[in-house]
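Asks: Structure: entry.txt, compact mmCIF, C-alpha atoms and all ligand atoms.
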# COMPACT_ATOMS: atom_id res chain seq x y z
CA MET A 1 -19.96 45.24 -49.53
CA ASN A 2 -22.18 45.18 -52.67
CA GLN A 3 -25.28 46.42 -50.94
CA ILE A 4 -26.30 50.06 -51.52
CA PHE A 5 -27.39 51.76 -48.30
CA ASP A 6 -29.96 54.57 -48.10
CA ILE A 7 -28.02 56.51 -45.48
CA PHE A 8 -24.41 56.48 -44.38
CA ILE A 9 -23.77 58.28 -41.09
CA ILE A 10 -20.32 59.49 -40.04
CA GLY A 11 -20.15 59.56 -36.24
CA GLY A 12 -21.72 57.53 -33.44
CA GLY A 13 -22.38 60.33 -30.96
CA ILE A 14 -25.92 61.08 -29.79
CA ASN A 15 -26.89 62.72 -33.08
CA GLY A 16 -25.61 59.91 -35.31
CA ALA A 17 -27.16 57.30 -32.99
CA GLY A 18 -30.53 59.08 -32.91
CA ILE A 19 -30.63 59.40 -36.70
CA ALA A 20 -29.63 55.74 -37.13
CA ARG A 21 -32.50 54.62 -34.86
CA ASP A 22 -35.12 56.88 -36.41
CA ALA A 23 -34.14 55.98 -39.99
CA SER A 24 -33.96 52.22 -39.31
CA GLY A 25 -37.45 52.35 -37.80
CA ARG A 26 -38.70 53.82 -41.08
CA GLY A 27 -37.39 50.84 -43.01
CA LEU A 28 -34.29 52.59 -44.37
CA LYS A 29 -30.98 50.77 -44.85
CA VAL A 30 -28.49 52.49 -42.56
CA PHE A 31 -24.71 52.24 -42.15
CA LEU A 32 -22.99 54.11 -39.33
CA ALA A 33 -19.22 54.29 -38.84
CA GLU A 34 -17.66 55.49 -35.59
CA LYS A 35 -13.90 56.01 -35.32
CA GLY A 36 -13.87 55.18 -31.58
CA THR A 37 -16.63 53.49 -29.65
CA VAL A 38 -20.17 54.84 -29.80
CA GLY A 39 -20.89 57.69 -27.41
CA SER A 40 -17.29 58.03 -26.34
CA ALA A 41 -16.70 61.64 -27.48
CA THR A 42 -18.68 64.83 -26.73
CA SER A 43 -21.77 62.82 -25.91
CA SER A 44 -20.17 61.37 -22.77
CA TRP A 45 -18.36 64.57 -21.77
CA SER A 46 -21.52 66.57 -21.14
CA SER A 47 -23.07 67.84 -17.89
CA LYS A 48 -25.47 64.90 -18.29
CA LEU A 49 -28.61 66.98 -18.25
CA ILE A 50 -31.74 66.80 -20.31
CA HIS A 51 -32.65 70.40 -19.78
CA GLY A 52 -34.47 73.32 -21.30
CA GLY A 53 -31.44 75.53 -20.75
CA LEU A 54 -32.75 78.20 -18.36
CA ARG A 55 -29.73 80.34 -19.15
CA TYR A 56 -30.54 80.54 -22.87
CA LEU A 57 -33.63 82.63 -22.05
CA GLU A 58 -31.27 85.53 -21.37
CA ASN A 59 -30.18 85.28 -25.00
CA TYR A 60 -33.84 85.29 -26.12
CA GLU A 61 -33.55 81.72 -27.41
CA PHE A 62 -37.23 81.01 -26.74
CA LYS A 63 -37.62 78.54 -29.61
CA LEU A 64 -34.67 76.44 -28.45
CA VAL A 65 -35.79 76.47 -24.81
CA ARG A 66 -39.34 75.53 -25.79
CA GLU A 67 -38.19 72.64 -27.96
CA SER A 68 -35.73 71.47 -25.27
CA LEU A 69 -38.40 71.56 -22.55
CA LYS A 70 -40.74 69.52 -24.74
CA GLU A 71 -37.94 67.06 -25.40
CA ARG A 72 -37.21 66.85 -21.67
CA GLU A 73 -40.75 65.52 -21.30
CA VAL A 74 -40.43 63.05 -24.17
CA ILE A 75 -37.03 61.67 -23.20
CA THR A 76 -38.05 61.20 -19.57
CA LYS A 77 -40.97 59.17 -20.90
CA ILE A 78 -39.09 57.00 -23.42
CA ALA A 79 -35.98 56.43 -21.28
CA PRO A 80 -37.20 56.24 -17.66
CA ALA A 81 -34.42 53.89 -16.55
CA ILE A 82 -31.66 56.39 -17.30
CA THR A 83 -33.36 59.71 -16.49
CA GLN A 84 -34.06 61.27 -13.13
CA PRO A 85 -35.73 64.61 -12.31
CA LEU A 86 -33.53 66.64 -10.00
CA PRO A 87 -34.17 69.89 -8.08
CA PHE A 88 -31.79 72.76 -8.91
CA VAL A 89 -31.27 75.62 -6.47
CA ILE A 90 -30.21 79.09 -7.60
CA PRO A 91 -28.91 81.09 -4.64
CA TYR A 92 -29.94 84.72 -5.07
CA THR A 93 -26.89 86.98 -5.20
CA LYS A 94 -27.16 90.74 -4.72
CA LYS A 95 -25.63 92.73 -7.62
CA LEU A 96 -26.18 89.84 -10.06
CA ARG A 97 -29.53 88.81 -11.61
CA SER A 98 -32.42 90.47 -9.77
CA LYS A 99 -35.12 88.42 -8.03
CA LEU A 100 -37.62 89.73 -10.56
CA LEU A 101 -35.49 88.58 -13.49
CA ILE A 102 -35.00 85.11 -11.99
CA ARG A 103 -38.73 84.79 -11.26
CA LEU A 104 -39.61 85.88 -14.78
CA GLY A 105 -37.12 83.38 -16.25
CA LEU A 106 -38.49 80.59 -14.08
CA PHE A 107 -42.08 81.47 -14.96
CA LEU A 108 -41.22 81.09 -18.63
CA TYR A 109 -39.26 77.92 -17.88
CA ASP A 110 -42.26 76.41 -16.05
CA ASN A 111 -44.64 77.20 -18.87
CA LEU A 112 -42.87 77.37 -22.26
CA GLY A 113 -42.78 73.60 -22.76
CA GLY A 114 -46.51 73.05 -22.18
CA LYS A 115 -47.92 70.31 -19.96
CA THR A 116 -45.37 68.61 -17.74
CA LYS A 117 -45.17 66.16 -14.84
CA ILE A 118 -42.01 67.91 -13.64
CA PRO A 119 -42.66 70.10 -10.54
CA LYS A 120 -42.87 73.88 -10.95
CA SER A 121 -40.32 76.31 -9.57
CA SER A 122 -40.59 78.06 -6.20
CA LYS A 123 -38.84 80.63 -4.03
CA ILE A 124 -37.17 79.03 -1.01
CA ASN A 125 -35.64 80.00 2.30
CA LEU A 126 -32.14 78.56 2.09
CA ASN A 127 -31.54 78.59 5.85
CA LYS A 128 -34.65 76.54 6.46
CA LYS A 129 -34.64 74.22 3.46
CA TYR A 130 -30.97 73.50 2.87
CA SER A 131 -29.00 74.70 5.85
CA ASN A 132 -25.25 74.22 6.34
CA ILE A 133 -24.36 74.06 2.66
CA LEU A 134 -24.13 77.67 1.52
CA LYS A 135 -22.46 80.60 3.25
CA SER A 136 -24.66 82.73 5.49
CA GLN A 137 -25.04 85.61 3.00
CA PHE A 138 -27.11 83.31 0.75
CA THR A 139 -30.52 83.36 2.42
CA VAL A 140 -32.94 83.37 -0.51
CA GLY A 141 -32.98 80.86 -3.31
CA PHE A 142 -35.10 79.66 -6.20
CA GLN A 143 -35.73 76.01 -6.87
CA TYR A 144 -36.60 74.53 -10.26
CA TYR A 145 -36.32 71.08 -11.83
CA ASP A 146 -34.36 69.57 -14.69
CA VAL A 147 -33.49 65.99 -15.58
CA GLN A 148 -30.25 64.07 -15.10
CA VAL A 149 -29.35 61.45 -17.69
CA ASP A 150 -26.72 58.81 -18.31
CA ASP A 151 -25.52 60.40 -21.55
CA LYS A 152 -23.38 57.51 -22.81
CA LYS A 153 -26.16 54.98 -22.12
CA LEU A 154 -28.56 57.19 -24.08
CA VAL A 155 -26.29 56.83 -27.11
CA GLU A 156 -25.85 53.09 -26.59
CA MET A 157 -29.60 52.52 -26.25
CA ASN A 158 -30.26 54.34 -29.50
CA ILE A 159 -27.53 52.31 -31.21
CA ASP A 160 -28.83 49.00 -29.82
CA ASP A 161 -32.32 49.78 -31.06
CA ALA A 162 -31.00 50.79 -34.48
CA LYS A 163 -29.10 47.50 -34.69
CA LYS A 164 -32.20 45.51 -33.75
CA MET A 165 -33.99 47.21 -36.64
CA GLY A 166 -31.27 46.19 -39.08
CA ALA A 167 -28.73 49.06 -39.03
CA ASN A 168 -25.07 48.21 -39.72
CA ILE A 169 -22.98 49.87 -37.02
CA VAL A 170 -19.20 49.63 -37.03
CA GLU A 171 -16.93 50.91 -34.26
CA ASN A 172 -13.21 51.67 -34.33
CA ARG A 173 -13.56 52.45 -38.05
CA LYS A 174 -12.62 55.90 -39.23
CA VAL A 175 -14.10 57.30 -42.42
CA ILE A 176 -11.11 58.43 -44.48
CA ASN A 177 -12.71 59.35 -47.79
CA ALA A 178 -16.13 60.04 -49.31
CA LYS A 179 -16.51 60.40 -53.05
CA ARG A 180 -19.56 61.61 -54.98
CA LEU A 181 -20.65 59.11 -57.64
CA GLU A 182 -23.09 59.73 -60.51
CA GLU A 183 -25.65 58.51 -58.07
CA GLY A 184 -24.89 58.40 -54.37
CA TRP A 185 -21.62 58.12 -52.52
CA GLU A 186 -18.68 55.78 -52.13
CA ILE A 187 -17.28 55.93 -48.61
CA THR A 188 -13.89 54.48 -47.65
CA LEU A 189 -13.11 53.27 -44.14
CA ASP A 190 -9.64 53.02 -42.63
CA ASN A 191 -9.52 49.25 -43.30
CA ASN A 192 -9.99 50.15 -47.00
CA GLU A 193 -13.49 48.74 -47.05
CA THR A 194 -15.78 50.77 -49.34
CA ILE A 195 -19.49 51.29 -48.76
CA LYS A 196 -22.04 52.72 -51.21
CA SER A 197 -24.90 54.87 -50.02
CA LYS A 198 -27.53 57.16 -51.58
CA ILE A 199 -27.12 59.84 -48.92
CA LEU A 200 -24.24 60.89 -46.69
CA ILE A 201 -24.79 62.41 -43.24
CA ASN A 202 -21.93 64.12 -41.45
CA ALA A 203 -22.70 63.84 -37.72
CA ALA A 204 -19.10 64.12 -36.57
CA GLY A 205 -19.81 66.72 -33.84
CA PRO A 206 -16.71 68.85 -33.28
CA TRP A 207 -14.94 67.05 -36.16
CA ILE A 208 -17.58 68.24 -38.63
CA ASN A 209 -15.42 70.64 -40.60
CA GLU A 210 -12.46 68.26 -40.53
CA ILE A 211 -14.75 65.82 -42.39
CA VAL A 212 -16.05 68.51 -44.76
CA ASN A 213 -12.56 69.78 -45.63
CA ASN A 214 -10.40 66.64 -45.55
CA VAL A 215 -12.68 63.63 -46.08
CA ILE A 216 -15.41 64.89 -48.40
CA GLU A 217 -13.34 67.76 -49.75
CA VAL A 218 -16.16 70.24 -50.40
CA ASN A 219 -16.29 73.84 -49.26
CA ALA A 220 -17.61 74.29 -45.74
CA ASN A 221 -20.59 76.67 -45.74
CA LYS A 222 -20.43 77.34 -42.04
CA SER A 223 -17.72 78.16 -39.54
CA ILE A 224 -17.57 76.21 -36.39
CA ARG A 225 -16.37 77.46 -33.03
CA LEU A 226 -14.72 74.83 -30.81
CA VAL A 227 -15.29 75.64 -27.14
CA ARG A 228 -13.88 73.39 -24.43
CA GLY A 229 -16.05 72.71 -21.40
CA SER A 230 -14.47 71.03 -18.39
CA HIS A 231 -15.82 69.40 -15.25
CA ILE A 232 -14.12 68.50 -11.99
CA ILE A 233 -15.34 65.67 -9.76
CA THR A 234 -14.96 65.72 -5.97
CA LYS A 235 -16.25 63.52 -3.15
CA LYS A 236 -19.79 64.71 -2.55
CA LEU A 237 -19.92 68.21 -1.10
CA TYR A 238 -23.31 67.65 0.63
CA ASN A 239 -25.73 64.80 1.19
CA GLU A 240 -28.96 66.23 -0.22
CA GLU A 241 -30.12 64.98 -3.65
CA ILE A 242 -30.15 68.47 -5.13
CA ALA A 243 -28.09 70.36 -7.65
CA PHE A 244 -26.99 73.99 -7.52
CA THR A 245 -26.95 76.56 -10.29
CA LEU A 246 -24.32 79.02 -9.09
CA GLN A 247 -24.00 82.46 -10.65
CA ASN A 248 -20.59 83.95 -11.23
CA ASP A 249 -19.89 87.64 -11.59
CA ASP A 250 -18.68 87.05 -15.18
CA ASN A 251 -22.38 86.25 -15.82
CA ARG A 252 -21.65 82.55 -16.41
CA ILE A 253 -23.25 79.80 -14.35
CA VAL A 254 -21.72 76.65 -12.87
CA PHE A 255 -23.65 73.49 -11.98
CA ILE A 256 -22.94 71.33 -8.93
CA ILE A 257 -24.66 68.01 -9.58
CA PRO A 258 -24.84 64.83 -7.47
CA TYR A 259 -22.87 62.18 -9.35
CA LYS A 260 -22.76 58.39 -8.99
CA ASN A 261 -23.99 58.45 -5.34
CA GLU A 262 -20.64 59.42 -3.83
CA TYR A 263 -19.49 62.41 -5.86
CA SER A 264 -20.25 65.96 -6.95
CA LEU A 265 -19.87 66.93 -10.61
CA ILE A 266 -18.85 70.58 -11.02
CA GLY A 267 -18.83 72.39 -14.35
CA THR A 268 -18.44 73.85 -16.80
CA THR A 269 -15.96 76.28 -18.25
CA GLU A 270 -15.81 77.81 -21.73
CA VAL A 271 -12.43 78.04 -23.43
CA ASP A 272 -11.92 78.54 -27.18
CA VAL A 273 -9.66 75.85 -28.70
CA ASN A 274 -8.25 75.02 -32.14
CA THR A 275 -8.67 71.27 -32.22
CA PRO A 276 -11.36 68.79 -31.16
CA ASP A 277 -8.77 66.16 -30.24
CA ASN A 278 -7.77 65.11 -26.70
CA PRO A 279 -9.39 67.89 -24.68
CA LEU A 280 -7.83 68.33 -21.23
CA ILE A 281 -8.71 70.66 -18.38
CA SER A 282 -6.22 73.48 -17.74
CA ASN A 283 -5.03 74.71 -14.37
CA GLU A 284 -7.01 77.96 -14.85
CA GLU A 285 -10.22 76.03 -15.41
CA LYS A 286 -9.67 74.01 -12.23
CA ILE A 287 -9.09 77.21 -10.27
CA TYR A 288 -12.18 78.86 -11.80
CA LEU A 289 -14.40 75.97 -10.71
CA ILE A 290 -12.81 75.69 -7.25
CA ASN A 291 -13.21 79.45 -6.68
CA THR A 292 -16.88 79.24 -7.63
CA ILE A 293 -17.44 76.56 -4.96
CA ASN A 294 -15.43 78.43 -2.35
CA HIS A 295 -17.29 81.66 -2.99
CA HIS A 296 -20.65 79.99 -2.29
CA PHE A 297 -20.12 76.95 -0.06
CA ILE A 298 -19.25 76.69 3.63
CA LYS A 299 -17.11 73.69 2.76
CA GLN A 300 -13.93 74.93 1.07
CA ILE A 301 -12.10 72.81 -1.49
CA SER A 302 -8.67 72.81 -3.11
CA LYS A 303 -7.02 70.99 -6.02
CA GLU A 304 -6.33 68.05 -3.68
CA ASP A 305 -10.09 67.40 -3.45
CA ILE A 306 -10.39 66.76 -7.19
CA VAL A 307 -10.73 63.00 -7.77
CA ASP A 308 -11.25 63.19 -11.53
CA THR A 309 -11.84 65.60 -14.40
CA TYR A 310 -13.14 65.43 -17.93
CA SER A 311 -13.40 67.86 -20.80
CA GLY A 312 -15.41 68.00 -23.98
CA ILE A 313 -15.60 70.22 -27.02
CA ARG A 314 -18.78 72.04 -27.91
CA PRO A 315 -19.18 72.32 -31.66
CA LEU A 316 -20.90 75.71 -31.77
CA ILE A 317 -21.93 77.64 -34.85
CA GLU A 318 -19.73 80.71 -35.07
CA ASP A 319 -21.65 83.94 -34.68
CA PHE A 320 -18.79 85.98 -33.25
CA ARG A 321 -20.36 86.49 -29.83
CA ASP A 322 -19.08 85.71 -26.38
CA ALA A 323 -18.78 81.88 -26.00
CA SER A 324 -21.56 81.78 -23.39
CA LYS A 325 -23.91 83.61 -25.79
CA VAL A 326 -23.27 81.53 -28.94
CA THR A 327 -26.38 79.53 -29.75
CA ARG A 328 -26.63 75.88 -28.66
CA ASP A 329 -29.18 75.26 -31.40
CA TYR A 330 -28.44 73.06 -34.41
CA VAL A 331 -28.34 73.98 -38.07
CA PHE A 332 -28.47 71.73 -41.12
CA ASP A 333 -26.38 72.36 -44.20
CA LEU A 334 -27.88 70.33 -47.04
CA ASN A 335 -25.35 70.16 -49.84
CA LEU A 336 -27.00 69.38 -53.17
CA GLN A 337 -24.03 70.10 -55.39
CA ASP A 338 -25.37 67.07 -57.21
CA LYS A 339 -29.05 66.29 -56.57
CA ASN A 340 -28.35 62.59 -56.98
CA SER A 341 -25.92 62.53 -54.08
CA PRO A 342 -27.17 64.65 -51.19
CA LEU A 343 -24.87 65.45 -48.27
CA LEU A 344 -26.26 66.64 -44.94
CA ASN A 345 -23.86 68.34 -42.52
CA ILE A 346 -25.17 68.72 -38.97
CA TYR A 347 -23.81 71.70 -37.04
CA GLY A 348 -24.24 72.25 -33.31
CA GLY A 349 -26.94 70.75 -31.14
CA LYS A 350 -27.45 69.47 -27.62
CA LEU A 351 -27.91 66.07 -26.08
CA THR A 352 -31.43 67.16 -25.13
CA THR A 353 -32.56 67.87 -28.68
CA TYR A 354 -31.08 64.81 -30.45
CA ARG A 355 -34.44 63.07 -30.98
CA LYS A 356 -36.13 66.10 -32.50
CA LEU A 357 -33.02 66.74 -34.59
CA SER A 358 -33.24 63.16 -35.91
CA GLU A 359 -36.89 63.64 -36.86
CA LYS A 360 -36.05 66.85 -38.68
CA VAL A 361 -33.25 65.08 -40.56
CA MET A 362 -35.81 62.57 -41.82
CA GLU A 363 -38.12 65.39 -42.97
CA GLU A 364 -35.25 67.14 -44.71
CA LEU A 365 -34.17 63.99 -46.54
CA ASN A 366 -37.63 62.68 -47.35
CA PRO A 367 -37.63 64.06 -50.93
CA TYR A 368 -34.47 62.08 -51.72
CA LEU A 369 -35.52 58.73 -50.24
CA SER A 370 -38.32 56.25 -50.72
CA MET A 371 -39.34 55.79 -47.10
CA GLN A 372 -41.80 53.04 -46.18
CA ASN A 373 -42.81 55.03 -43.14
CA THR A 374 -42.81 58.82 -43.20
CA LYS A 375 -44.64 59.09 -39.87
CA ASN A 376 -42.66 60.23 -36.85
CA TRP A 377 -42.48 57.43 -34.29
CA THR A 378 -39.64 57.96 -31.78
CA ASP A 379 -41.62 60.19 -29.39
CA THR A 380 -43.70 57.31 -28.04
CA LYS A 381 -41.61 54.14 -28.50
CA PRO A 382 -39.53 53.43 -25.37
CA LEU A 383 -35.82 52.97 -25.86
C1 LIG B 401 -18.85 70.35 -21.50
C2 LIG B 401 -20.12 70.08 -22.21
C3 LIG B 401 -21.30 69.96 -21.48
C4 LIG B 401 -22.49 69.70 -22.12
N1 LIG B 401 -23.61 69.50 -21.39
C5 LIG B 401 -24.78 69.22 -21.98
C6 LIG B 401 -25.94 68.92 -21.22
O1 LIG B 401 -25.89 68.83 -19.99
N2 LIG B 401 -27.09 68.71 -21.88
C7 LIG B 401 -27.18 68.76 -23.23
O2 LIG B 401 -28.27 68.61 -23.76
N3 LIG B 401 -26.09 68.98 -24.00
C8 LIG B 401 -24.89 69.19 -23.41
N4 LIG B 401 -23.77 69.40 -24.17
C9 LIG B 401 -23.85 69.32 -25.61
C10 LIG B 401 -23.84 67.86 -26.09
O3 LIG B 401 -22.94 67.10 -25.32
C11 LIG B 401 -23.44 67.80 -27.55
O4 LIG B 401 -24.24 68.67 -28.30
C12 LIG B 401 -23.64 66.41 -28.14
O5 LIG B 401 -23.07 65.42 -27.33
C13 LIG B 401 -22.99 66.36 -29.51
O6 LIG B 401 -23.24 65.09 -30.05
P1 LIG B 401 -22.67 64.74 -31.47
O7 LIG B 401 -23.23 63.41 -31.86
O8 LIG B 401 -22.90 65.87 -32.41
O9 LIG B 401 -21.08 64.70 -31.27
P2 LIG B 401 -20.13 63.58 -30.64
O10 LIG B 401 -20.70 62.94 -29.45
O11 LIG B 401 -18.77 64.18 -30.51
O12 LIG B 401 -20.11 62.50 -31.78
C14 LIG B 401 -19.40 62.67 -33.00
C15 LIG B 401 -18.70 61.36 -33.28
O13 LIG B 401 -18.10 61.41 -34.56
C16 LIG B 401 -16.98 60.56 -34.53
N5 LIG B 401 -16.11 60.84 -35.66
C17 LIG B 401 -15.42 61.98 -35.90
N6 LIG B 401 -14.69 61.85 -37.05
C18 LIG B 401 -14.98 60.61 -37.54
C19 LIG B 401 -14.54 59.88 -38.70
N7 LIG B 401 -13.67 60.40 -39.58
N8 LIG B 401 -15.00 58.62 -38.87
C20 LIG B 401 -15.88 58.05 -37.98
N9 LIG B 401 -16.32 58.70 -36.89
C21 LIG B 401 -15.87 59.96 -36.67
C22 LIG B 401 -16.35 60.89 -33.18
O14 LIG B 401 -15.49 59.88 -32.73
C23 LIG B 401 -17.57 61.07 -32.29
O15 LIG B 401 -17.88 59.91 -31.53
C24 LIG B 401 -22.54 69.61 -23.54
C25 LIG B 401 -21.36 69.71 -24.27
C26 LIG B 401 -20.16 69.92 -23.61
C27 LIG B 401 -18.89 69.96 -24.39
Represent the structure of the file as structure tokens.
Ligand SMILES: Cc1cc2nc3c(=O)[nH]c(=O)nc-3n(C[C@H](O)[C@H](O)[C@H](O)COP(=O)(O)OP(=O)(O)OC[C@H]3O[C@@H](n4cnc5c(N)ncnc54)[C@H](O)[C@@H]3O)c2cc1C
Replies:
Amino acid sequence: MNQIFDIFIIGGGINGAGIARDASGRGLKVFLAEKGTVGSATSSWSSKLIHGGLRYLENYEFKLVRESLKEREVITKIAPAITQPLPFVIPYTKKLRSKLLIRLGLFLYDNLGGKTKIPKSSKINLNKKYSNILKSQFTVGFQYYDVQVDDKKLVEMNIDDAKKMGANIVENRKVINAKRLEEGWEITLDNNETIKSKILINAAGPWINEIVNNVIEVNANKSIRLVRGSHIITKKLYNEEIAFTLQNDDNRIVFIIPYKNEYSLIGTTEVDVNTPDNPLISNEEKIYLINTINHHFIKQISKEDIVDTYSGIRPLIEDFRDASKVTRDYVFDLNLQDKNSPLLNIYGGKLTTYRKLSEKVMEELNPYLSMQNTKNWTDTKPL
């Protein structure tokens, strides 16, 4: 291909897709290569929530929660067909988080994101409101709202829009080499096709450092921590259209979420791994999730009740803390080893924050591009 692109994106997960859409809408020439099909990796292995991340408040991540809550509002507005507000119930458990702490967390959660159409949280009587689901010791609960999303569709909708605006998107094409030129980059795909681009964006999710080390061959500035999260799927455990946020005594939480009308989605776990490839749930993870259900629910389940499982790898920025405490925020690493060929590595992130992340990528790269449209636009244009 003789054309020189403005931006070449490695990876068609939610971050790559969001950047491709935003950049194409600004009149930039975009090429995105995905080694599988778009949205088929981490972005379809999530808990499928557009959420502020109530739990992150405990780690004082106020900025991340605020941004995520604001994004929850925006994404619900621009993608109404694939998003659905859902009540979440936290059963109060003696000896774990106090009622005061939960109320304080929920107060912040209700208010940090500013104006919202999503209902506010409340204290509830579990026996009256949702009887016959939880064991009798769980009498008090707290209800708050988050948003369920079809994560894979969210990627596909961003990709479709990017294509409509002129982006070149190729699937089943692995990037095998990226070479700095005097100006820009020459990128080689696994069919030996070469593409030239002014800027290179590495949005390979958990494969980020594999790309940095083996494809681009520059020194990685950041360490990544690969943490597997697994879900089990059972026939639905109750009929109500509500989710549960269950607290475990290891301080972790597990979601039970209604899934595809007939099922319950139960997750997640956190297990450190060495490779992003082919994540699979372990027996211990299955038992951990089953025990969590059996500790709380009247209905008891066993491995025989599992109809499906899936696992994904969180690409977290290493800060040497417990996996549940490592930040879910994203960090950019702009490599200007040569000012004429910028490289942007994207570390971390959440499904929820992909749109804001994409906007910030455009701001970061603005000095190196001649954009027709520098105004942010994706917060109002429906997908
Ligand atoms: C268990 C779990 C639950 C989660 N739940 C939630 C949630 O409920 N809400 C939320 O907001 N976030 C959640 N997250 C986080 C969220 O899923 C991720 O942050 C997000 O999907 C990451 O998107 P990404 O585009 O960075 O990565 P990915 O979706 O993994 O995309 C990267 C892409 O790069 C491609 N690629 C890699 N190497 C190459 C190459 N050489 N050439 C071409 N392509 C390449 C891969 O095939 C892949 O498709 C969860 C994560 C996990 C693991």
Asks: Sort by chain and increasing residue number a table of all residues of chain A within 6 Å of ligand LIG 401 (chain B), each with its closest pair of atoms and their distance in Å to one decimal, counting all atoms listed in the file, and write it as a Markdown table.
Replies:
| residue | atom | partner | partner_atom | distance |
| --- | --- | --- | --- | --- |
| A:Ile10 | CA | B:LIG401 | C20 | 5.1 |
| A:Gly11 | CA | B:LIG401 | O13 | 3.2 |
| A:Gly12 | CA | B:LIG401 | C15 | 4.9 |
| A:Gly13 | CA | B:LIG401 | O12 | 3.2 |
| A:Ile14 | CA | B:LIG401 | O7 | 4.1 |
| A:Asn15 | CA | B:LIG401 | O7 | 3.9 |
| A:Gly16 | CA | B:LIG401 | O7 | 5.5 |
| A:Ala33 | CA | B:LIG401 | C20 | 5.1 |
| A:Glu34 | CA | B:LIG401 | N9 | 3.7 |
| A:Lys35 | CA | B:LIG401 | C20 | 3.9 |
| A:Gly36 | CA | B:LIG401 | O14 | 5.1 |
| A:Val38 | CA | B:LIG401 | O15 | 5.8 |
| A:Gly39 | CA | B:LIG401 | O15 | 5.6 |
| A:Ser40 | CA | B:LIG401 | O15 | 5.6 |
| A:Ala41 | CA | B:LIG401 | O11 | 4.5 |
| A:Thr42 | CA | B:LIG401 | O11 | 3.8 |
| A:Ser43 | CA | B:LIG401 | O5 | 3.2 |
| A:Trp45 | CA | B:LIG401 | C2 | 5.8 |
| A:Ser46 | CA | B:LIG401 | C3 | 3.4 |
| A:Ser47 | CA | B:LIG401 | O1 | 3.7 |
| A:Lys48 | CA | B:LIG401 | O1 | 4.3 |
| A:Leu49 | CA | B:LIG401 | O1 | 3.7 |
| A:Ile50 | CA | B:LIG401 | O2 | 5.2 |
| A:Lys174 | CA | B:LIG401 | N8 | 3.6 |
| A:Val175 | CA | B:LIG401 | N8 | 3.9 |
| A:Ile176 | CA | B:LIG401 | N7 | 5.9 |
| A:Ala203 | CA | B:LIG401 | O8 | 5.7 |
| A:Ala204 | CA | B:LIG401 | O13 | 3.5 |
| A:Gly205 | CA | B:LIG401 | O9 | 3.5 |
| A:Pro206 | CA | B:LIG401 | O11 | 5.8 |
| A:Trp207 | CA | B:LIG401 | C17 | 5.1 |
| A:Gly229 | CA | B:LIG401 | C1 | 3.7 |
| A:Ser230 | CA | B:LIG401 | C1 | 5.4 |
| A:Thr268 | CA | B:LIG401 | C1 | 5.9 |
| A:Gly312 | CA | B:LIG401 | C27 | 4.0 |
| A:Ile313 | CA | B:LIG401 | C27 | 4.2 |
| A:Arg314 | CA | B:LIG401 | C27 | 4.1 |
| A:Gly349 | CA | B:LIG401 | O4 | 4.4 |
| A:Lys350 | CA | B:LIG401 | O4 | 3.4 |
| A:Leu351 | CA | B:LIG401 | O2 | 3.5 |
| A:Thr352 | CA | B:LIG401 | O2 | 3.7 |
Asks: So which one's closest to A:Glu364, A:Thr292, A:Lys95, A:Thr378, A:Leu334? Using all atoms listed in the file, please.
Replies: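 Nearest candidate to A:Glu364 out of A:Thr292, A:Lys95, A:Thr378, A:Leu334: A:Leu334.
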Asks: With all atoms listed in the file as the counted atoms, please give the residues lying no more than 8 Å from stretch 52-55 of chain A, apart from itself and same-chain residues fewer than 3 positions off, as JSON, numbers by chain.
Replies: {"A": [58, 59, 64, 65, 66, 67, 68, 69, 72, 105, 106, 109, 146, 352]}
Asks: Would you work out the distance separating atom CA of A:Asp6 from atom CA of A:Leu369, expressed in Å to one decimal?
Replies: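 We find that atom CA of A:Asp6 and atom CA of A:Leu369 lie 7.3 Å from each other.
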Asks: With only C-alpha atoms as the atoms that count, which of A:Asn202, A:Asn335, A:Thr269, A:Gln300 lies nearest to A:Thr234?
Replies: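 Checking each of A:Asn202, A:Asn335, A:Thr269, A:Gln300 against A:Thr234, counting only C-alpha atoms, the winner is A:Gln300.
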Asks: List every protein, DNA or RNA residue that has an atom no more than 12 Å from (-35.7, 58.6, -50.7) in the file's coordinate frame, counting all atoms listed in the file, and report them as a list in words.
Replies: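 Those within range, by chain then number, are Phe5, Asp6, Ile7, Ala23, Arg26, Gly27, Leu28, Lys29, Gly184, Ser197, Lys198, Ile199, Lys339, Asn340, Ser341, Pro342, Met362, Glu363, Glu364, Leu365, Asn366, Pro367, Tyr368, Leu369, Ser370, Met371, Gln372, Asn373 and Thr374 of chain A.
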Asks: Select all residues near (-41.6, 53.8, -28.9) (cut-off 10 Å, inclusive, file coordinates), counting only C-alpha atoms, and output them as a PDB file with C-alpha atoms, in the frame of the given file.
Replies:
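The file below, selection.pdb, is the result:
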ATOM      1  CA  GLY A  25     -37.450  52.350 -37.800  1.00  0.00           C
ATOM      2  CA  LYS A  77     -40.970  59.170 -20.900  1.00  0.00           C
ATOM      3  CA  ILE A  78     -39.090  57.000 -23.420  1.00  0.00           C
ATOM      4  CA  ALA A  79     -35.980  56.430 -21.280  1.00  0.00           C
ATOM      5  CA  TRP A 377     -42.480  57.430 -34.290  1.00  0.00           C
ATOM      6  CA  THR A 378     -39.640  57.960 -31.780  1.00  0.00           C
ATOM      7  CA  ASP A 379     -41.620  60.190 -29.390  1.00  0.00           C
ATOM      8  CA  THR A 380     -43.700  57.310 -28.040  1.00  0.00           C
ATOM      9  CA  LYS A 381     -41.610  54.140 -28.500  1.00  0.00           C
ATOM     10  CA  PRO A 382     -39.530  53.430 -25.370  1.00  0.00           C
ATOM     11  CA  LEU A 383     -35.820  52.970 -25.860  1.00  0.00           C
TER      12      LEU A 383
END
